[in-house]
file start_1.cif (mmCIF, C-alpha atoms)
data_start
loop_
_atom_site.label_atom_id
_atom_site.label_comp_id
_atom_site.auth_asym_id
_atom_site.auth_seq_id
_atom_site.Cartn_x
_atom_site.Cartn_y
_atom_site.Cartn_z
CA MET N 1 29.23 -18.32 27.87
CA ALA N 2 29.77 -15.96 30.70
CA SER N 3 26.75 -13.74 30.13
CA LYS N 4 23.39 -14.68 28.63
CA GLY N 5 21.64 -11.57 30.01
CA PRO N 6 22.48 -9.15 27.17
CA GLN N 7 21.63 -11.82 24.60
CA SER N 8 18.17 -12.41 26.06
CA ALA N 9 17.56 -8.66 26.34
CA ALA N 10 18.61 -8.20 22.73
CA THR N 11 16.32 -11.02 21.62
CA PHE N 12 13.35 -9.54 23.48
CA LEU N 13 13.97 -6.01 22.17
CA LEU N 14 14.46 -7.28 18.61
CA PHE N 15 11.12 -9.10 18.79
CA VAL N 16 9.31 -6.04 20.20
CA ASN N 17 10.92 -3.81 17.58
CA LEU N 18 9.90 -6.24 14.83
CA ILE N 19 6.25 -5.93 15.81
CA MET N 20 6.42 -2.13 16.08
CA TYR N 21 8.34 -1.69 12.81
CA VAL N 22 5.72 -3.81 11.00
CA ALA N 23 3.03 -1.50 12.41
CA VAL N 24 4.99 1.59 11.29
CA ALA N 25 5.46 0.19 7.78
CA VAL N 26 1.77 -0.72 7.49
CA ILE N 27 0.51 2.68 8.67
CA ALA N 28 3.02 4.57 6.49
CA GLY N 29 2.11 2.40 3.49
CA TRP N 30 -1.56 3.11 4.09
CA ALA N 31 -0.88 6.86 4.26
CA ILE N 32 1.03 6.79 0.97
CA ASN N 33 -1.73 4.75 -0.69
CA TYR N 34 -4.38 7.13 0.64
CA SER N 35 -2.51 10.17 -0.62
CA ILE N 36 -2.03 8.62 -4.07
CA ASP N 37 -5.76 7.90 -4.28
CA LYS N 38 -6.95 11.29 -2.97
CA THR N 39 -4.35 13.71 -4.38
CA PRO N 40 -5.88 14.24 -7.87
CA SER N 41 -9.27 15.26 -6.45
CA SER N 42 -7.80 17.51 -3.76
CA LEU N 43 -5.36 19.30 -6.11
CA SER N 44 -7.99 20.40 -8.61
CA GLY N 45 -8.71 23.67 -6.80
CA LEU N 46 -5.16 24.62 -5.78
CA GLN N 47 -2.75 27.05 -7.41
CA ALA N 48 0.18 25.98 -9.60
CA PRO N 49 3.00 25.71 -6.99
CA ALA N 50 1.04 23.21 -4.88
CA ARG N 51 0.19 21.15 -7.95
CA ILE N 52 3.87 20.85 -8.89
CA PHE N 53 5.01 19.83 -5.39
CA PRO N 54 5.61 16.05 -5.62
CA ILE N 55 5.04 15.24 -1.95
CA TYR N 56 1.59 16.71 -1.41
CA PHE N 57 -0.54 14.82 1.10
CA PRO N 58 -4.26 15.58 1.41
CA ILE N 59 -4.14 14.52 5.08
CA GLY N 60 -2.04 16.13 7.79
CA ASN N 61 0.09 19.22 7.28
CA LEU N 62 3.09 20.27 5.18
CA ALA N 63 5.52 17.95 7.00
CA THR N 64 3.35 14.86 6.47
CA GLY N 65 4.80 13.87 3.10
CA PHE N 66 8.39 13.79 4.28
CA PHE N 67 7.45 12.16 7.58
CA VAL N 68 5.47 9.35 5.96
CA ILE N 69 8.15 8.57 3.39
CA PHE N 70 10.96 8.46 5.95
CA SER N 71 8.78 6.44 8.32
CA LEU N 72 8.21 3.91 5.56
CA PHE N 73 11.97 3.71 4.94
CA ALA N 74 12.66 3.30 8.65
CA GLY N 75 9.88 0.70 8.97
CA VAL N 76 11.09 -1.48 6.11
CA VAL N 77 14.74 -1.27 7.15
CA GLY N 78 13.72 -1.90 10.77
CA VAL N 79 11.77 -5.05 9.86
CA MET N 80 14.75 -6.43 7.94
CA THR N 81 17.18 -5.48 10.72
CA SER N 82 14.98 -7.10 13.37
CA LEU N 83 14.56 -10.32 11.38
CA THR N 84 18.24 -10.68 10.56
CA GLY N 85 19.21 -9.47 14.05
CA LEU N 86 17.09 -12.20 15.68
CA GLN N 87 18.82 -14.83 13.59
CA GLU N 88 22.30 -13.42 14.19
CA VAL N 89 21.85 -12.98 17.96
CA MET N 90 20.61 -16.56 18.23
CA GLN N 91 23.71 -17.82 16.39
CA ALA N 92 25.95 -15.86 18.78
CA ARG N 93 29.00 -15.92 16.52
CA PRO N 94 31.34 -12.91 16.65
CA ALA N 95 30.84 -11.96 13.01
CA SER N 96 27.08 -12.23 13.20
CA ILE N 97 26.84 -10.21 16.43
CA LEU N 98 28.99 -7.44 14.97
CA SER N 99 26.87 -7.45 11.81
CA ALA N 100 23.69 -7.15 13.88
CA ALA N 101 25.25 -4.30 15.86
CA ALA N 102 26.14 -2.36 12.72
CA SER N 103 22.73 -2.80 11.12
CA SER N 104 20.97 -1.80 14.36
CA ILE N 105 22.88 1.49 14.44
CA ILE N 106 21.92 2.22 10.81
CA THR N 107 18.27 1.47 11.58
CA TRP N 108 18.41 3.68 14.66
CA ALA N 109 19.80 6.56 12.55
CA LEU N 110 16.91 6.23 10.07
CA THR N 111 14.43 6.08 12.93
CA VAL N 112 15.92 9.22 14.49
CA LEU N 113 15.49 11.00 11.16
CA ALA N 114 11.83 9.93 11.02
CA MET N 115 11.38 10.96 14.66
CA GLY N 116 12.72 14.43 13.89
CA LEU N 117 10.15 14.79 11.14
CA ALA N 118 7.45 13.49 13.50
CA CYS N 119 8.39 16.18 16.01
CA LYS N 120 8.21 18.80 13.25
CA GLU N 121 4.79 17.54 12.22
CA ILE N 122 3.59 17.68 15.83
CA SER N 123 4.85 21.26 16.18
CA ILE N 124 3.11 22.42 12.98
CA GLY N 125 -0.33 21.41 14.11
CA TRP N 126 -3.40 19.40 13.20
CA ARG N 127 -3.21 15.82 11.92
CA PRO N 128 -5.58 12.81 11.94
CA ALA N 129 -5.48 9.94 14.44
CA SER N 130 -3.68 7.57 12.07
CA LEU N 131 -0.76 9.99 11.74
CA ARG N 132 -0.71 10.57 15.50
CA ALA N 133 -0.37 6.80 15.94
CA LEU N 134 2.48 6.73 13.41
CA GLU N 135 4.21 9.61 15.22
CA THR N 136 3.82 7.87 18.58
CA LEU N 137 5.19 4.58 17.29
CA THR N 138 8.13 6.34 15.64
CA ILE N 139 9.06 8.21 18.81
CA ILE N 140 8.78 5.05 20.94
CA LEU N 141 10.79 3.07 18.38
CA THR N 142 13.62 5.57 18.56
CA GLY N 143 14.13 4.74 22.23
CA THR N 144 13.63 0.99 21.94
CA GLN N 145 15.96 0.77 18.95
CA LEU N 146 18.62 2.63 20.92
CA PHE N 147 18.25 0.16 23.80
CA CYS N 148 18.30 -2.73 21.33
CA ALA N 149 21.51 -1.48 19.71
CA GLY N 150 23.04 -1.10 23.17
CA SER N 151 22.08 -4.63 24.20
CA ILE N 152 23.50 -6.07 20.97
CA HIS N 153 26.72 -4.14 21.58
CA ALA N 154 26.77 -5.50 25.15
CA THR N 155 26.46 -9.03 23.76
CA ALA N 156 29.48 -8.61 21.46
CA PRO N 157 32.31 -8.80 24.06
CA SER N 158 31.05 -12.10 25.50
CA THR N 159 31.06 -13.71 22.05
CA LEU N 160 34.44 -12.25 21.13
CA THR N 161 36.21 -13.55 24.25
CA GLY N 162 34.67 -17.01 24.01
CA SER N 163 35.98 -17.86 20.55
CA THR N 164 38.95 -17.29 18.35
CA LEU N 165 38.68 -15.16 15.28
CA ILE N 166 39.59 -17.01 12.12
CA GLY N 167 40.86 -15.13 9.11
CA ARG N 168 43.89 -13.97 7.24
CA VAL N 169 46.86 -12.78 9.19
#
call {"tool": "encode", "arguments": {"input": "start_1.cif", "output": "structure tokens"}}
result
Amino acid sequence: MASKGPQSAATFLLFVNLIMYVAVAVIAGWAINYSIDKTPSSLSGLQAPARIFPIYFPIGNLATGFFVIFSLFAGVVGVMTSLTGLQEVMQARPASILSAAASSIITWALTVLAMGLACKEISIGWRPASLRALETLTIILTGTQLFCAGSIHATAPSTLTGSTLIGRV
């Protein structure tokens, strides 16, 4: 192989992202569980429109429900992308590298969506420390996932030139 640098960078970033995506999924799962447990008691005194709204969270502000749900999606997809990406980067076959590159871009898109909702939640106002931690992790993950996708894409040319592609002609 001509270049092992992008492969080692991709491996390191995939491992770091795996740890951070697990933390995002755990915090978002906790927030959903907390809201399911506390919503009936907090909705008893509210008017009818708030009682009908399906994404009411007793913690945070009005953007919290959407942010937590999209963070959970991004966290679960990010964990799966990081696990499969680690395996595929280690194999260093052209098909597996291209598969890891495609899934990293999809995960980055979901993380950008969650980051946009995190920025909206920050701009609205008050939220507890657990949600601030989730917002911080989501914003950091947006950058590290972008670098990870770039390093996986940088790994692809070295694997494509080193082997022949086998398939139908």
call {"tool": "residues_around", "arguments": {"input": "start_1.cif", "residues": "Thr81 of chain N", "least_positions_apart": "5", "cutoff": "9 Å", "atoms": "all atoms listed in the file", "output": "list in words"}}
result
Leu14, Leu18, Val76, Leu86, Ala100, Ser103, Ser104 and Thr107 of chain N
call {"tool": "resolve_selection", "arguments": {"input": "start_1.cif", "expression": "the PyMOL selection byres ((chain N and resi 145) around 12)", "output": "PDB file with C-alpha atoms, in the coordinates of the input"}}
result
ATOM      1  CA  ALA N  10      18.610  -8.200  22.730  1.00  0.00           C
ATOM      2  CA  PHE N  12      13.350  -9.540  23.480  1.00  0.00           C
ATOM      3  CA  LEU N  13      13.970  -6.010  22.170  1.00  0.00           C
ATOM      4  CA  LEU N  14      14.460  -7.280  18.610  1.00  0.00           C
ATOM      5  CA  PHE N  15      11.120  -9.100  18.790  1.00  0.00           C
ATOM      6  CA  VAL N  16       9.310  -6.040  20.200  1.00  0.00           C
ATOM      7  CA  ASN N  17      10.920  -3.810  17.580  1.00  0.00           C
ATOM      8  CA  LEU N  18       9.900  -6.240  14.830  1.00  0.00           C
ATOM      9  CA  MET N  20       6.420  -2.130  16.080  1.00  0.00           C
ATOM     10  CA  TYR N  21       8.340  -1.690  12.810  1.00  0.00           C
ATOM     11  CA  ALA N  74      12.660   3.300   8.650  1.00  0.00           C
ATOM     12  CA  GLY N  75       9.880   0.700   8.970  1.00  0.00           C
ATOM     13  CA  GLY N  78      13.720  -1.900  10.770  1.00  0.00           C
ATOM     14  CA  VAL N  79      11.770  -5.050   9.860  1.00  0.00           C
ATOM     15  CA  THR N  81      17.180  -5.480  10.720  1.00  0.00           C
ATOM     16  CA  SER N  82      14.980  -7.100  13.370  1.00  0.00           C
ATOM     17  CA  GLY N  85      19.210  -9.470  14.050  1.00  0.00           C
ATOM     18  CA  ALA N 101      25.250  -4.300  15.860  1.00  0.00           C
ATOM     19  CA  SER N 103      22.730  -2.800  11.120  1.00  0.00           C
ATOM     20  CA  SER N 104      20.970  -1.800  14.360  1.00  0.00           C
ATOM     21  CA  ILE N 105      22.880   1.490  14.440  1.00  0.00           C
ATOM     22  CA  ILE N 106      21.920   2.220  10.810  1.00  0.00           C
ATOM     23  CA  THR N 107      18.270   1.470  11.580  1.00  0.00           C
ATOM     24  CA  TRP N 108      18.410   3.680  14.660  1.00  0.00           C
ATOM     25  CA  ALA N 109      19.800   6.560  12.550  1.00  0.00           C
ATOM     26  CA  LEU N 110      16.910   6.230  10.070  1.00  0.00           C
ATOM     27  CA  THR N 111      14.430   6.080  12.930  1.00  0.00           C
ATOM     28  CA  VAL N 112      15.920   9.220  14.490  1.00  0.00           C
ATOM     29  CA  MET N 115      11.380  10.960  14.660  1.00  0.00           C
ATOM     30  CA  LEU N 137       5.190   4.580  17.290  1.00  0.00           C
ATOM     31  CA  THR N 138       8.130   6.340  15.640  1.00  0.00           C
ATOM     32  CA  ILE N 139       9.060   8.210  18.810  1.00  0.00           C
ATOM     33  CA  ILE N 140       8.780   5.050  20.940  1.00  0.00           C
ATOM     34  CA  LEU N 141      10.790   3.070  18.380  1.00  0.00           C
ATOM     35  CA  THR N 142      13.620   5.570  18.560  1.00  0.00           C
ATOM     36  CA  GLY N 143      14.130   4.740  22.230  1.00  0.00           C
ATOM     37  CA  THR N 144      13.630   0.990  21.940  1.00  0.00           C
ATOM     38  CA  LEU N 146      18.620   2.630  20.920  1.00  0.00           C
ATOM     39  CA  PHE N 147      18.250   0.160  23.800  1.00  0.00           C
ATOM     40  CA  CYS N 148      18.300  -2.730  21.330  1.00  0.00           C
ATOM     41  CA  ALA N 149      21.510  -1.480  19.710  1.00  0.00           C
ATOM     42  CA  GLY N 150      23.040  -1.100  23.170  1.00  0.00           C
ATOM     43  CA  SER N 151      22.080  -4.630  24.200  1.00  0.00           C
ATOM     44  CA  ILE N 152      23.500  -6.070  20.970  1.00  0.00           C
TER      45      ILE N 152
END
call {"tool": "closest_residue", "arguments": {"input": "start_1.cif", "among": "N:Ala133, N:Ala102, N:Ala63, N:Met90", "to": "Glu121 of chain N", "atoms": "all atoms listed in the file"}}
result
N:Ala63
call {"tool": "atom_distance", "arguments": {"input": "start_1.cif", "atom1": "atom CA of Gln87 of chain N", "atom2": "atom CA of Ala23 of chain N"}}
result
20.7 Å
call {"tool": "atom_distance", "arguments": {"input": "start_1.cif", "atom1": "atom CA of Lys120 of chain N", "atom2": "atom CA of Ile69 of chain N"}}
result
14.2 Å
call {"tool": "resolve_selection", "arguments": {"input": "start_1.cif", "expression": "the PyMOL selection byres ((chain N and resi 91-93) around 9)", "output": "compact mmCIF listing (two decimals) with C-alpha atoms, in the coordinates of the input"}}
result
# COMPACT_ATOMS: atom_id res chain seq x y z
CA GLN N 7 21.63 -11.82 24.60
CA LEU N 86 17.09 -12.20 15.68
CA GLN N 87 18.82 -14.83 13.59
CA GLU N 88 22.30 -13.42 14.19
CA VAL N 89 21.85 -12.98 17.96
CA MET N 90 20.61 -16.56 18.23
CA PRO N 94 31.34 -12.91 16.65
CA ALA N 95 30.84 -11.96 13.01
CA SER N 96 27.08 -12.23 13.20
CA ILE N 97 26.84 -10.21 16.43
CA LEU N 98 28.99 -7.44 14.97
CA THR N 155 26.46 -9.03 23.76
CA ALA N 156 29.48 -8.61 21.46
CA THR N 159 31.06 -13.71 22.05
CA LEU N 160 34.44 -12.25 21.13
CA SER N 163 35.98 -17.86 20.55
